[in-house]
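Asker: Below: one structure in C-alpha cells.
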Amino acid sequence: MLSIALAGKPNAGKSTFYTAATMADVDVANYPFTTIDANRGVSYVRTECPCLEREERCTSDECRDGKRYVPIELLDVAGLVPGAHEGKGLGNQFLDELTNADVIINVIDASGGTNEKGEPVDIGSHDPLEDIDFIEEEMDLWLAGIVEGNWEGVERKSRSPDFDLDDVLAEMMSGFGASPTDVAKILRGLEYPDDPIQWTDEDREALATEIRQRTKPIVVAANKIDVAPEANVDRLLELDKPVIPTTAEGERALRKAAEGGLIEYDPGDTTLEITGDVSDAQRTALEGLAETMAQWDGTGVQAALNYAVYDLLEYLTAYPVQDASKWTDGTGDVLPDALLLPDGSTPVDLAYAVHSDIGDGYLHAVDARSSREISDSYELEEGDVIKIVSTN
Ligand SMILES: Nc1nc2c(ncn2[C@@H]2O[C@H](COP(=O)(O)OP(=O)(O)OP(=O)(O)O)[C@@H](O)[C@H]2O)c(=O)[nH]1
C-alpha cells in the first residue's frame, strides 16, 4: 500500500491531521478503523468512481454516491525540530521512519502561533515560511550522514578490479527506497569523481539532496487556516512549492459531526449541510467552518492527501473486473477494487498488482468501457476499468 508520512514541528497539527484522516466514516467504511499501530493507520485518497457513468452505483464499501475512497497508509511521524539529524529533540528515530514513506506531507502551523521549536507563541509572531525548508534540510543532512557512514566501505570496494561506482551507489540508494529509474536519474543529475577517495563532503551532500528529492517528494499542509492571518497563507501559496491550506481541527470536527448524524459531509467535500439537531454553539461552530471551507475550497485534508498521491507521486486509479460488461468480480460485486498504480503503468502491471503470481498466465486485457482488447503496452488512464484475461 502507498505510504504517506506526516512530518513537521511539534504542535503543527500532525496528530490532529492523522486522527481526522484515519477516522473511519461509518457510512463509507463499515469495518473498524484498521490501526496498524498508534502512528500508522489507513486513510484514503478520493477520486471519482466510474460507477457514476452507470445507472446503478457500485457495491464497494469505499464508494459513496460515486465518491470513491482508495486506501493508503498514513504515518504520523512525531515532531521534528531543527537539529534532529544530530539527535536533537526526538531526533534520528523519526527521520528513520520517514524512509518508509513514499511521499511526505509537511504540516506547518500557518498561523505563526508556534515558534521554531514548536512551542506556543502569540498567533502571527513566528514566520511560518521558516518552517518549510528545515524538514528538507534535516533530511538532507541526515541522509548525507548515512552516505558518509557508508563511504569507507565504498572506498574499500573501489580497490577491487571489477569495481563500478554506479553499481555501488545504486545499491546504497535502493536502501533509501530509490527505484532503478530513480537511481539512473539521480546519477545523471550529478557530477562527481569516479574515484570515491576523491569525493568531498559537498559531493556526498549533493548526492543526499538528489536522493531525497527523487525519493521523498513533499507537499506542505499550511495548517490552522481557521485562525491564520490570511496574509500568511497567501505568502505560503506564492512559494514555488506545492502548498495546500488546511484545517486539520476543522476536518476532525466535521468527521465527528458526520458520524454523529449532525451533518452531511464526505471527506473532500467543499460544503457541509446541517441535517441533525444541533445546539446554538454547534451551529455557530459549523457555520464558521463552512465559511473557512468556502474561502479555501474545503478543509484541505483530503486535498493534501490527494495532491501527494495523484500530483506528486503521479499515480492513477484503475479498476480490475472479471466481467467486462457488468463491471463485476466473480461474485457479482460492481467495481469491488480500486488500485493505485504509477502513471505509465500498463495492463500487465495491473495484472501483477491483482495477482502477483500471474507469471506466464497473463493473456491479454480488455477495456471494459469499449469491450475492446487493448495492447499490452497501453498506458492506463485514471478511472480505467479493465478485465484481465489469464489462464489462471
Ligand atoms: N486552530 C486550529 N488548531 C489546530 C488545528 N490543527 C491542530 N490544531 C491544534 O494545535 C495543537 C497541536 O496539535 P497536534 O495535532 O497535537 O500537533 P502535532 O504536530 O501532532 O504535535 P506533536 O505531537 O507534538 O508533534 C492542538 O491544540 C490542536 O488542537 C487547526 O486546523 N486549527
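Simple scheme: letters A, B, ... for chains in C-alpha cells order, numbers from 1 for residues in each chain, numbers from 1 for ligands in the order shown.
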Just want the residues within 10 Å of ligand 1, written as a ChimeraX atom specification, counting only C-alpha atoms and all ligand atoms.
Answerer: /A:6-20,76-81,90,106-111,113-114,118-120,222-228,245-253,299-301
Asker: List as a PDB file with C-alpha atoms, in the first residue's frame the protein and nucleic acid residues near Arg46 of chain A, meaning an atom at most 10 Å away when only C-alpha atoms are counted, but skip any in the same chain fewer than 3 places from it.
Answerer:
ATOM      1  CA  SER A  43      -6.597   6.703   5.235  1.00  0.00           C
ATOM      2  CA  CYS A  49     -15.812   6.340  -9.196  1.00  0.00           C
ATOM      3  CA  GLU A  62     -15.347   2.513  -0.336  1.00  0.00           C
ATOM      4  CA  CYS A  63     -17.701   4.271  -2.711  1.00  0.00           C
ATOM      5  CA  LYS A  67     -17.087   9.433  -4.405  1.00  0.00           C
ATOM      6  CA  ARG A  68     -14.522   6.698  -4.321  1.00  0.00           C
ATOM      7  CA  TYR A  69     -12.118   6.356  -1.394  1.00  0.00           C
ATOM      8  CA  VAL A  70      -8.986   4.371  -2.173  1.00  0.00           C
ATOM      9  CA  PRO A  71      -6.928   3.165   0.812  1.00  0.00           C
ATOM     10  CA  ASP A 266     -17.950  13.386   2.998  1.00  0.00           C
ATOM     11  CA  PRO A 267     -14.189  13.879   3.279  1.00  0.00           C
ATOM     12  CA  GLY A 268     -13.081  16.192   0.492  1.00  0.00           C
ATOM     13  CA  GLN A 302      -8.370  15.356   1.636  1.00  0.00           C
ATOM     14  CA  ALA A 303      -6.843  17.740  -0.894  1.00  0.00           C
ATOM     15  CA  LEU A 305      -3.626  13.507   0.609  1.00  0.00           C
ATOM     16  CA  ASN A 306      -4.871  13.593  -2.968  1.00  0.00           C
ATOM     17  CA  TYR A 310      -2.114  11.961  -7.706  1.00  0.00           C
ATOM     18  CA  THR A 317      -6.639   4.609 -10.097  1.00  0.00           C
TER      19      THR A 317
END
Asker: Got a sec to tell me which of segment 28-187 of chain A DSSP assigns to helix (DSSP H, G or I), as an mmCIF file with N, CA and C atoms, in the first residue's frame?
Answerer:
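So out_3.cif came out as:
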data_model
loop_
_atom_site.group_PDB
_atom_site.id
_atom_site.type_symbol
_atom_site.label_atom_id
_atom_site.label_comp_id
_atom_site.auth_asym_id
_atom_site.auth_seq_id
_atom_site.Cartn_x
_atom_site.Cartn_y
_atom_site.Cartn_z
ATOM 1 N N PRO A 50 -15.916 5.256 -11.380
ATOM 2 C CA PRO A 50 -16.505 5.050 -12.716
ATOM 3 C C PRO A 50 -17.976 4.652 -12.651
ATOM 4 N N CYS A 51 -18.477 4.231 -11.493
ATOM 5 C CA CYS A 51 -19.887 3.819 -11.427
ATOM 6 C C CYS A 51 -20.819 4.988 -11.709
ATOM 7 N N LEU A 52 -20.288 6.217 -11.642
ATOM 8 C CA LEU A 52 -21.103 7.394 -11.961
ATOM 9 C C LEU A 52 -21.610 7.354 -13.397
ATOM 10 N N GLU A 53 -20.890 6.591 -14.255
ATOM 11 C CA GLU A 53 -21.306 6.513 -15.660
ATOM 12 C C GLU A 53 -22.416 5.499 -15.857
ATOM 13 N N ALA A 84 17.515 17.835 14.350
ATOM 14 C CA ALA A 84 17.116 16.434 14.590
ATOM 15 C C ALA A 84 18.156 15.454 14.045
ATOM 16 N N HIS A 85 18.805 15.811 12.902
ATOM 17 C CA HIS A 85 19.774 14.867 12.324
ATOM 18 C C HIS A 85 20.948 14.634 13.259
ATOM 19 N N GLU A 86 21.174 15.598 14.183
ATOM 20 C CA GLU A 86 22.247 15.396 15.175
ATOM 21 C C GLU A 86 21.684 14.776 16.446
ATOM 22 N N ASN A 92 16.831 11.259 15.381
ATOM 23 C CA ASN A 92 17.020 10.373 14.240
ATOM 24 C C ASN A 92 15.951 9.326 14.025
ATOM 25 N N GLN A 93 15.405 8.872 15.135
ATOM 26 C CA GLN A 93 14.424 7.803 15.049
ATOM 27 C C GLN A 93 13.301 8.191 14.079
ATOM 28 N N PHE A 94 12.934 9.478 14.108
ATOM 29 C CA PHE A 94 11.809 9.910 13.288
ATOM 30 C C PHE A 94 12.226 10.130 11.848
ATOM 31 N N LEU A 95 13.473 10.548 11.670
ATOM 32 C CA LEU A 95 13.961 10.655 10.308
ATOM 33 C C LEU A 95 13.988 9.258 9.693
ATOM 34 N N ASP A 96 14.386 8.293 10.509
ATOM 35 C CA ASP A 96 14.403 6.903 10.074
ATOM 36 C C ASP A 96 13.025 6.467 9.597
ATOM 37 N N GLU A 97 11.994 6.858 10.353
ATOM 38 C CA GLU A 97 10.626 6.462 9.995
ATOM 39 C C GLU A 97 10.224 7.029 8.643
ATOM 40 N N LEU A 98 10.758 8.202 8.330
ATOM 41 C CA LEU A 98 10.379 8.829 7.059
ATOM 42 C C LEU A 98 10.852 8.012 5.859
ATOM 43 N N PRO A 128 5.826 31.453 9.426
ATOM 44 C CA PRO A 128 5.729 30.031 9.045
ATOM 45 C C PRO A 128 6.596 29.673 7.837
ATOM 46 N N LEU A 129 7.000 30.672 7.057
ATOM 47 C CA LEU A 129 7.854 30.350 5.910
ATOM 48 C C LEU A 129 9.158 29.698 6.365
ATOM 49 N N GLU A 130 9.565 30.057 7.596
ATOM 50 C CA GLU A 130 10.810 29.483 8.118
ATOM 51 C C GLU A 130 10.683 27.996 8.427
ATOM 52 N N ASP A 131 9.459 27.502 8.475
ATOM 53 C CA ASP A 131 9.271 26.094 8.861
ATOM 54 C C ASP A 131 9.259 25.163 7.657
ATOM 55 N N ASP A 133 11.599 24.893 4.938
ATOM 56 C CA ASP A 133 12.819 24.280 4.424
ATOM 57 C C ASP A 133 13.501 23.352 5.415
ATOM 58 N N PHE A 134 13.173 23.512 6.701
ATOM 59 C CA PHE A 134 14.006 22.785 7.658
ATOM 60 C C PHE A 134 13.844 21.268 7.572
ATOM 61 N N ILE A 135 12.647 20.808 7.213
ATOM 62 C CA ILE A 135 12.454 19.352 7.082
ATOM 63 C C ILE A 135 13.365 18.820 5.974
ATOM 64 N N GLU A 136 13.378 19.580 4.848
ATOM 65 C CA GLU A 136 14.231 19.142 3.742
ATOM 66 C C GLU A 136 15.692 19.154 4.173
ATOM 67 N N GLU A 137 16.091 20.235 4.880
ATOM 68 C CA GLU A 137 17.489 20.331 5.303
ATOM 69 C C GLU A 137 17.849 19.209 6.270
ATOM 70 N N GLU A 138 16.941 18.941 7.210
ATOM 71 C CA GLU A 138 17.216 17.876 8.178
ATOM 72 C C GLU A 138 17.349 16.528 7.470
ATOM 73 N N MET A 139 16.460 16.297 6.513
ATOM 74 C CA MET A 139 16.521 15.011 5.807
ATOM 75 C C MET A 139 17.795 14.913 4.993
ATOM 76 N N ASP A 140 18.177 16.024 4.346
ATOM 77 C CA ASP A 140 19.390 16.005 3.522
ATOM 78 C C ASP A 140 20.621 15.732 4.380
ATOM 79 N N LEU A 141 20.704 16.429 5.521
ATOM 80 C CA LEU A 141 21.883 16.273 6.378
ATOM 81 C C LEU A 141 21.940 14.868 6.972
ATOM 82 N N TRP A 142 20.757 14.373 7.300
ATOM 83 C CA TRP A 142 20.696 13.032 7.883
ATOM 84 C C TRP A 142 21.105 11.973 6.848
ATOM 85 N N LEU A 143 20.582 12.140 5.613
ATOM 86 C CA LEU A 143 20.965 11.206 4.543
ATOM 87 C C LEU A 143 22.455 11.316 4.244
ATOM 88 N N ALA A 144 22.950 12.566 4.223
ATOM 89 C CA ALA A 144 24.385 12.771 3.951
ATOM 90 C C ALA A 144 25.209 12.049 5.023
ATOM 91 N N GLY A 145 24.728 12.075 6.248
ATOM 92 C CA GLY A 145 25.418 11.374 7.344
ATOM 93 C C GLY A 145 25.471 9.869 7.092
ATOM 94 N N ILE A 146 24.374 9.333 6.552
ATOM 95 C CA ILE A 146 24.354 7.891 6.282
ATOM 96 C C ILE A 146 25.308 7.552 5.128
ATOM 97 N N VAL A 147 25.274 8.419 4.096
ATOM 98 C CA VAL A 147 26.174 8.193 2.951
ATOM 99 C C VAL A 147 27.620 8.221 3.463
ATOM 100 N N GLU A 148 27.915 9.218 4.268
ATOM 101 C CA GLU A 148 29.258 9.371 4.839
ATOM 102 C C GLU A 148 29.658 8.116 5.626
ATOM 103 N N GLY A 149 28.699 7.625 6.419
ATOM 104 C CA GLY A 149 28.975 6.435 7.231
ATOM 105 C C GLY A 149 29.288 5.213 6.371
ATOM 106 N N ASN A 150 28.709 5.198 5.157
ATOM 107 C CA ASN A 150 28.932 4.054 4.270
ATOM 108 C C ASN A 150 30.196 4.205 3.439
ATOM 109 N N TRP A 151 30.785 5.410 3.488
ATOM 110 C CA TRP A 151 31.794 5.725 2.479
ATOM 111 C C TRP A 151 33.069 4.895 2.594
ATOM 112 N N GLU A 152 33.453 4.595 3.829
ATOM 113 C CA GLU A 152 34.665 3.785 3.986
ATOM 114 C C GLU A 152 34.509 2.458 3.247
ATOM 115 N N GLY A 153 33.307 1.900 3.359
ATOM 116 C CA GLY A 153 33.019 0.639 2.671
ATOM 117 C C GLY A 153 33.134 0.809 1.160
ATOM 118 N N VAL A 154 32.644 1.954 0.652
ATOM 119 C CA VAL A 154 32.713 2.211 -0.794
ATOM 120 C C VAL A 154 34.181 2.312 -1.213
ATOM 121 N N GLU A 155 34.975 3.021 -0.406
ATOM 122 C CA GLU A 155 36.402 3.175 -0.742
ATOM 123 C C GLU A 155 37.102 1.809 -0.758
ATOM 124 N N ARG A 156 36.698 0.984 0.204
ATOM 125 C CA ARG A 156 37.319 -0.351 0.276
ATOM 126 C C ARG A 156 36.980 -1.146 -0.984
ATOM 127 N N LYS A 157 35.707 -1.074 -1.372
ATOM 128 C CA LYS A 157 35.278 -1.827 -2.563
ATOM 129 C C LYS A 157 35.997 -1.330 -3.807
ATOM 130 N N LEU A 165 31.455 2.238 -9.613
ATOM 131 C CA LEU A 165 30.914 3.183 -8.642
ATOM 132 C C LEU A 165 29.387 3.282 -8.754
ATOM 133 N N ASP A 166 28.890 3.346 -10.002
ATOM 134 C CA ASP A 166 27.443 3.494 -10.182
ATOM 135 C C ASP A 166 26.678 2.317 -9.565
ATOM 136 N N ASP A 167 27.238 1.114 -9.704
ATOM 137 C CA ASP A 167 26.567 -0.059 -9.114
ATOM 138 C C ASP A 167 26.522 0.053 -7.597
ATOM 139 N N VAL A 168 27.632 0.484 -7.016
ATOM 140 C CA VAL A 168 27.697 0.582 -5.555
ATOM 141 C C VAL A 168 26.726 1.664 -5.061
ATOM 142 N N LEU A 169 26.684 2.797 -5.772
ATOM 143 C CA LEU A 169 25.769 3.875 -5.377
ATOM 144 C C LEU A 169 24.319 3.419 -5.531
ATOM 145 N N ALA A 170 24.054 2.688 -6.622
ATOM 146 C CA ALA A 170 22.683 2.218 -6.871
ATOM 147 C C ALA A 170 22.235 1.331 -5.713
ATOM 148 N N GLU A 171 23.124 0.478 -5.252
ATOM 149 C CA GLU A 171 22.781 -0.427 -4.148
ATOM 150 C C GLU A 171 22.471 0.384 -2.887
ATOM 151 N N MET A 172 23.300 1.406 -2.649
ATOM 152 C CA MET A 172 23.095 2.239 -1.464
ATOM 153 C C MET A 172 21.744 2.957 -1.546
ATOM 154 N N MET A 173 21.451 3.475 -2.744
ATOM 155 C CA MET A 173 20.221 4.264 -2.902
ATOM 156 C C MET A 173 18.965 3.418 -2.816
ATOM 157 N N SER A 174 19.062 2.156 -3.256
ATOM 158 C CA SER A 174 17.854 1.329 -3.183
ATOM 159 C C SER A 174 17.460 1.146 -1.715
ATOM 160 N N PRO A 180 15.190 1.608 -9.654
ATOM 161 C CA PRO A 180 16.269 1.700 -10.651
ATOM 162 C C PRO A 180 16.135 2.956 -11.529
ATOM 163 N N THR A 181 14.891 3.362 -11.853
ATOM 164 C CA THR A 181 14.719 4.581 -12.661
ATOM 165 C C THR A 181 15.182 5.800 -11.866
ATOM 166 N N ASP A 182 14.822 5.842 -10.570
ATOM 167 C CA ASP A 182 15.275 6.962 -9.729
ATOM 168 C C ASP A 182 16.798 7.027 -9.737
ATOM 169 N N VAL A 183 17.410 5.860 -9.537
ATOM 170 C CA VAL A 183 18.875 5.813 -9.437
ATOM 171 C C VAL A 183 19.494 6.386 -10.713
ATOM 172 N N ALA A 184 18.969 5.953 -11.867
ATOM 173 C CA ALA A 184 19.520 6.433 -13.137
ATOM 174 C C ALA A 184 19.397 7.949 -13.213
ATOM 175 N N LYS A 185 18.221 8.474 -12.794
ATOM 176 C CA LYS A 185 18.007 9.932 -12.873
ATOM 177 C C LYS A 185 18.918 10.665 -11.889
ATOM 178 N N ILE A 186 19.086 10.108 -10.700
ATOM 179 C CA ILE A 186 19.928 10.761 -9.692
ATOM 180 C C ILE A 186 21.365 10.847 -10.213
ATOM 181 N N LEU A 187 21.852 9.735 -10.756
ATOM 182 C CA LEU A 187 23.244 9.722 -11.203
ATOM 183 C C LEU A 187 23.447 10.643 -12.403
#
Asker: Distance atom CA of His355 of chain A-atom CA of Glu48 of chain A, one decimal place?
Answerer: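 Separation of atom CA of His355 of chain A and atom CA of Glu48 of chain A: 24.5 Å.
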Asker: When distances are computed from only C-alpha atoms, which of A:Glu264, A:Asp127, A:Asp194, A:Asp277 shows the smallest separation from Pro229 of chain A?
Answerer: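 So, comparing all the options, the nearest one is A:Asp127.
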Asker: Would you mind telling me which residue in A:Asp61, A:Glu259, A:Asp102, A:Asp269 lies nearest to Leu335 of chain A when using only C-alpha atoms?
Answerer: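 Looking only at the distances to Leu335 of chain A, the closest residue turns out to be A:Asp61.
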Asker: Pick out each residue of segment 55-240 of chain A that DSSP on the backbone tags as strand (DSSP E); I need them as an MDAnalysis selection string.
Answerer: chainID A and resid 63:64 67:76 103:109 218:223
Asker: Taking N, CA and C atoms for each residue, export the selection above as a PDB file, in the first residue's frame.
Answerer:
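Just written: part_31.pdb:
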ATOM      1  N   CYS A  63     -17.111   3.316  -1.782  1.00  0.00           N
ATOM      2  CA  CYS A  63     -17.701   4.271  -2.711  1.00  0.00           C
ATOM      3  C   CYS A  63     -18.946   4.853  -2.068  1.00  0.00           C
ATOM      4  N   ARG A  64     -19.027   6.155  -2.114  1.00  0.00           N
ATOM      5  CA  ARG A  64     -20.225   6.779  -1.573  1.00  0.00           C
ATOM      6  C   ARG A  64     -20.810   7.697  -2.637  1.00  0.00           C
ATOM      7  N   LYS A  67     -18.347   8.931  -4.968  1.00  0.00           N
ATOM      8  CA  LYS A  67     -17.087   9.433  -4.405  1.00  0.00           C
ATOM      9  C   LYS A  67     -16.333   8.196  -3.952  1.00  0.00           C
ATOM     10  N   ARG A  68     -15.232   7.949  -4.593  1.00  0.00           N
ATOM     11  CA  ARG A  68     -14.522   6.698  -4.321  1.00  0.00           C
ATOM     12  C   ARG A  68     -13.331   6.965  -3.419  1.00  0.00           C
ATOM     13  N   TYR A  69     -13.219   6.199  -2.351  1.00  0.00           N
ATOM     14  CA  TYR A  69     -12.118   6.356  -1.394  1.00  0.00           C
ATOM     15  C   TYR A  69     -11.175   5.159  -1.520  1.00  0.00           C
ATOM     16  N   VAL A  70      -9.951   5.437  -1.911  1.00  0.00           N
ATOM     17  CA  VAL A  70      -8.986   4.371  -2.173  1.00  0.00           C
ATOM     18  C   VAL A  70      -7.958   4.350  -1.043  1.00  0.00           C
ATOM     19  N   PRO A  71      -7.778   3.194  -0.389  1.00  0.00           N
ATOM     20  CA  PRO A  71      -6.928   3.165   0.812  1.00  0.00           C
ATOM     21  C   PRO A  71      -5.444   3.441   0.556  1.00  0.00           C
ATOM     22  N   ILE A  72      -4.866   4.149   1.490  1.00  0.00           N
ATOM     23  CA  ILE A  72      -3.409   4.373   1.527  1.00  0.00           C
ATOM     24  C   ILE A  72      -3.006   4.258   3.002  1.00  0.00           C
ATOM     25  N   GLU A  73      -1.715   4.116   3.230  1.00  0.00           N
ATOM     26  CA  GLU A  73      -1.247   4.068   4.619  1.00  0.00           C
ATOM     27  C   GLU A  73      -0.798   5.459   5.035  1.00  0.00           C
ATOM     28  N   LEU A  74      -1.156   5.842   6.256  1.00  0.00           N
ATOM     29  CA  LEU A  74      -0.744   7.148   6.762  1.00  0.00           C
ATOM     30  C   LEU A  74       0.120   6.956   8.004  1.00  0.00           C
ATOM     31  N   LEU A  75       1.272   7.633   8.019  1.00  0.00           N
ATOM     32  CA  LEU A  75       2.179   7.549   9.174  1.00  0.00           C
ATOM     33  C   LEU A  75       2.223   8.907   9.846  1.00  0.00           C
ATOM     34  N   ASP A  76       2.125   8.903  11.165  1.00  0.00           N
ATOM     35  CA  ASP A  76       2.251  10.149  11.923  1.00  0.00           C
ATOM     36  C   ASP A  76       3.639  10.143  12.554  1.00  0.00           C
ATOM     37  N   VAL A 103       5.924   9.427   0.194  1.00  0.00           N
ATOM     38  CA  VAL A 103       5.718  10.857  -0.013  1.00  0.00           C
ATOM     39  C   VAL A 103       5.445  11.473   1.362  1.00  0.00           C
ATOM     40  N   ILE A 104       5.772  12.761   1.487  1.00  0.00           N
ATOM     41  CA  ILE A 104       5.668  13.389   2.801  1.00  0.00           C
ATOM     42  C   ILE A 104       4.729  14.592   2.747  1.00  0.00           C
ATOM     43  N   ILE A 105       3.867  14.706   3.754  1.00  0.00           N
ATOM     44  CA  ILE A 105       3.098  15.934   3.937  1.00  0.00           C
ATOM     45  C   ILE A 105       3.747  16.668   5.097  1.00  0.00           C
ATOM     46  N   ASN A 106       4.318  17.835   4.810  1.00  0.00           N
ATOM     47  CA  ASN A 106       4.970  18.632   5.848  1.00  0.00           C
ATOM     48  C   ASN A 106       3.915  19.559   6.447  1.00  0.00           C
ATOM     49  N   VAL A 107       3.472  19.224   7.650  1.00  0.00           N
ATOM     50  CA  VAL A 107       2.420  20.022   8.282  1.00  0.00           C
ATOM     51  C   VAL A 107       3.074  21.197   9.008  1.00  0.00           C
ATOM     52  N   ILE A 108       2.709  22.414   8.619  1.00  0.00           N
ATOM     53  CA  ILE A 108       3.241  23.584   9.322  1.00  0.00           C
ATOM     54  C   ILE A 108       2.084  24.378   9.923  1.00  0.00           C
ATOM     55  N   ASP A 109       2.412  25.143  10.937  1.00  0.00           N
ATOM     56  CA  ASP A 109       1.404  25.987  11.580  1.00  0.00           C
ATOM     57  C   ASP A 109       1.401  27.343  10.867  1.00  0.00           C
ATOM     58  N   ILE A 218       7.650  16.253  -1.319  1.00  0.00           N
ATOM     59  CA  ILE A 218       6.992  16.861  -0.153  1.00  0.00           C
ATOM     60  C   ILE A 218       5.911  17.841  -0.595  1.00  0.00           C
ATOM     61  N   VAL A 219       4.738  17.741   0.018  1.00  0.00           N
ATOM     62  CA  VAL A 219       3.728  18.796  -0.133  1.00  0.00           C
ATOM     63  C   VAL A 219       3.540  19.414   1.255  1.00  0.00           C
ATOM     64  N   VAL A 220       3.397  20.738   1.276  1.00  0.00           N
ATOM     65  CA  VAL A 220       3.233  21.435   2.546  1.00  0.00           C
ATOM     66  C   VAL A 220       1.744  21.581   2.854  1.00  0.00           C
ATOM     67  N   ALA A 221       1.335  21.195   4.066  1.00  0.00           N
ATOM     68  CA  ALA A 221      -0.026  21.484   4.525  1.00  0.00           C
ATOM     69  C   ALA A 221       0.072  22.729   5.405  1.00  0.00           C
ATOM     70  N   ALA A 222      -0.428  23.846   4.887  1.00  0.00           N
ATOM     71  CA  ALA A 222      -0.402  25.101   5.659  1.00  0.00           C
ATOM     72  C   ALA A 222      -1.598  25.044   6.599  1.00  0.00           C
ATOM     73  N   ASN A 223      -1.334  24.540   7.813  1.00  0.00           N
ATOM     74  CA  ASN A 223      -2.440  24.186   8.715  1.00  0.00           C
ATOM     75  C   ASN A 223      -2.880  25.367   9.597  1.00  0.00           C
TER      76      ASN A 223
END
Asker: Go ahead and compute the interatomic distance for atom CA of Pro196 of chain A and atom CA of Thr99 of chain A, in Å to one decimal.
Answerer: 24.8 Å
Asker: Do you have the atom CA of Ala365 of chain A-atom CA of Cys58 of chain A distance handy?
Answerer: 21.7 Å
Asker: Near Ala318 of chain A, counting only C-alpha atoms, which residues have an atom at most 9 Å away, once you skip same-chain residues fewer than 5 positions from it, shown as an MDAnalysis selection string?
Answerer: chainID A and resid 337:341 350 380:386
Asker: With N, CA and C atoms kept, could you save the residues just selected as a PDB file, in the first residue's frame?
Answerer:
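Now in result_27.pdb:
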ATOM      1  N   ASP A 337     -12.849  -3.383  -6.561  1.00  0.00           N
ATOM      2  CA  ASP A 337     -11.473  -2.976  -6.230  1.00  0.00           C
ATOM      3  C   ASP A 337     -11.042  -1.750  -7.004  1.00  0.00           C
ATOM      4  N   ALA A 338     -10.274  -0.906  -6.290  1.00  0.00           N
ATOM      5  CA  ALA A 338      -9.640   0.242  -6.941  1.00  0.00           C
ATOM      6  C   ALA A 338      -8.166   0.145  -6.590  1.00  0.00           C
ATOM      7  N   LEU A 339      -7.305   0.192  -7.587  1.00  0.00           N
ATOM      8  CA  LEU A 339      -5.874   0.053  -7.309  1.00  0.00           C
ATOM      9  C   LEU A 339      -5.122   1.294  -7.747  1.00  0.00           C
ATOM     10  N   LEU A 340      -4.181   1.692  -6.919  1.00  0.00           N
ATOM     11  CA  LEU A 340      -3.331   2.835  -7.264  1.00  0.00           C
ATOM     12  C   LEU A 340      -2.067   2.318  -7.942  1.00  0.00           C
ATOM     13  N   LEU A 341      -1.786   2.867  -9.120  1.00  0.00           N
ATOM     14  CA  LEU A 341      -0.590   2.449  -9.870  1.00  0.00           C
ATOM     15  C   LEU A 341       0.109   3.694 -10.397  1.00  0.00           C
ATOM     16  N   LEU A 350      -1.036  -3.932 -14.075  1.00  0.00           N
ATOM     17  CA  LEU A 350      -2.280  -4.103 -13.308  1.00  0.00           C
ATOM     18  C   LEU A 350      -2.490  -5.582 -12.975  1.00  0.00           C
ATOM     19  N   LEU A 380      -2.274   2.962 -18.911  1.00  0.00           N
ATOM     20  CA  LEU A 380      -3.556   3.101 -18.219  1.00  0.00           C
ATOM     21  C   LEU A 380      -3.850   4.564 -17.919  1.00  0.00           C
ATOM     22  N   GLU A 381      -5.148   4.879 -17.877  1.00  0.00           N
ATOM     23  CA  GLU A 381      -5.556   6.240 -17.515  1.00  0.00           C
ATOM     24  C   GLU A 381      -6.395   6.202 -16.259  1.00  0.00           C
ATOM     25  N   GLU A 382      -6.477   7.346 -15.574  1.00  0.00           N
ATOM     26  CA  GLU A 382      -7.286   7.452 -14.364  1.00  0.00           C
ATOM     27  C   GLU A 382      -8.711   6.943 -14.653  1.00  0.00           C
ATOM     28  N   GLY A 383      -9.171   6.028 -13.819  1.00  0.00           N
ATOM     29  CA  GLY A 383     -10.552   5.565 -13.943  1.00  0.00           C
ATOM     30  C   GLY A 383     -10.757   4.417 -14.917  1.00  0.00           C
ATOM     31  N   ASP A 384      -9.671   3.879 -15.484  1.00  0.00           N
ATOM     32  CA  ASP A 384      -9.855   2.772 -16.419  1.00  0.00           C
ATOM     33  C   ASP A 384     -10.444   1.551 -15.713  1.00  0.00           C
ATOM     34  N   VAL A 385     -11.396   0.905 -16.392  1.00  0.00           N
ATOM     35  CA  VAL A 385     -11.985  -0.340 -15.888  1.00  0.00           C
ATOM     36  C   VAL A 385     -11.492  -1.438 -16.821  1.00  0.00           C
ATOM     37  N   ILE A 386     -10.778  -2.392 -16.260  1.00  0.00           N
ATOM     38  CA  ILE A 386     -10.037  -3.339 -17.103  1.00  0.00           C
ATOM     39  C   ILE A 386     -10.319  -4.772 -16.692  1.00  0.00           C
TER      40      ILE A 386
END
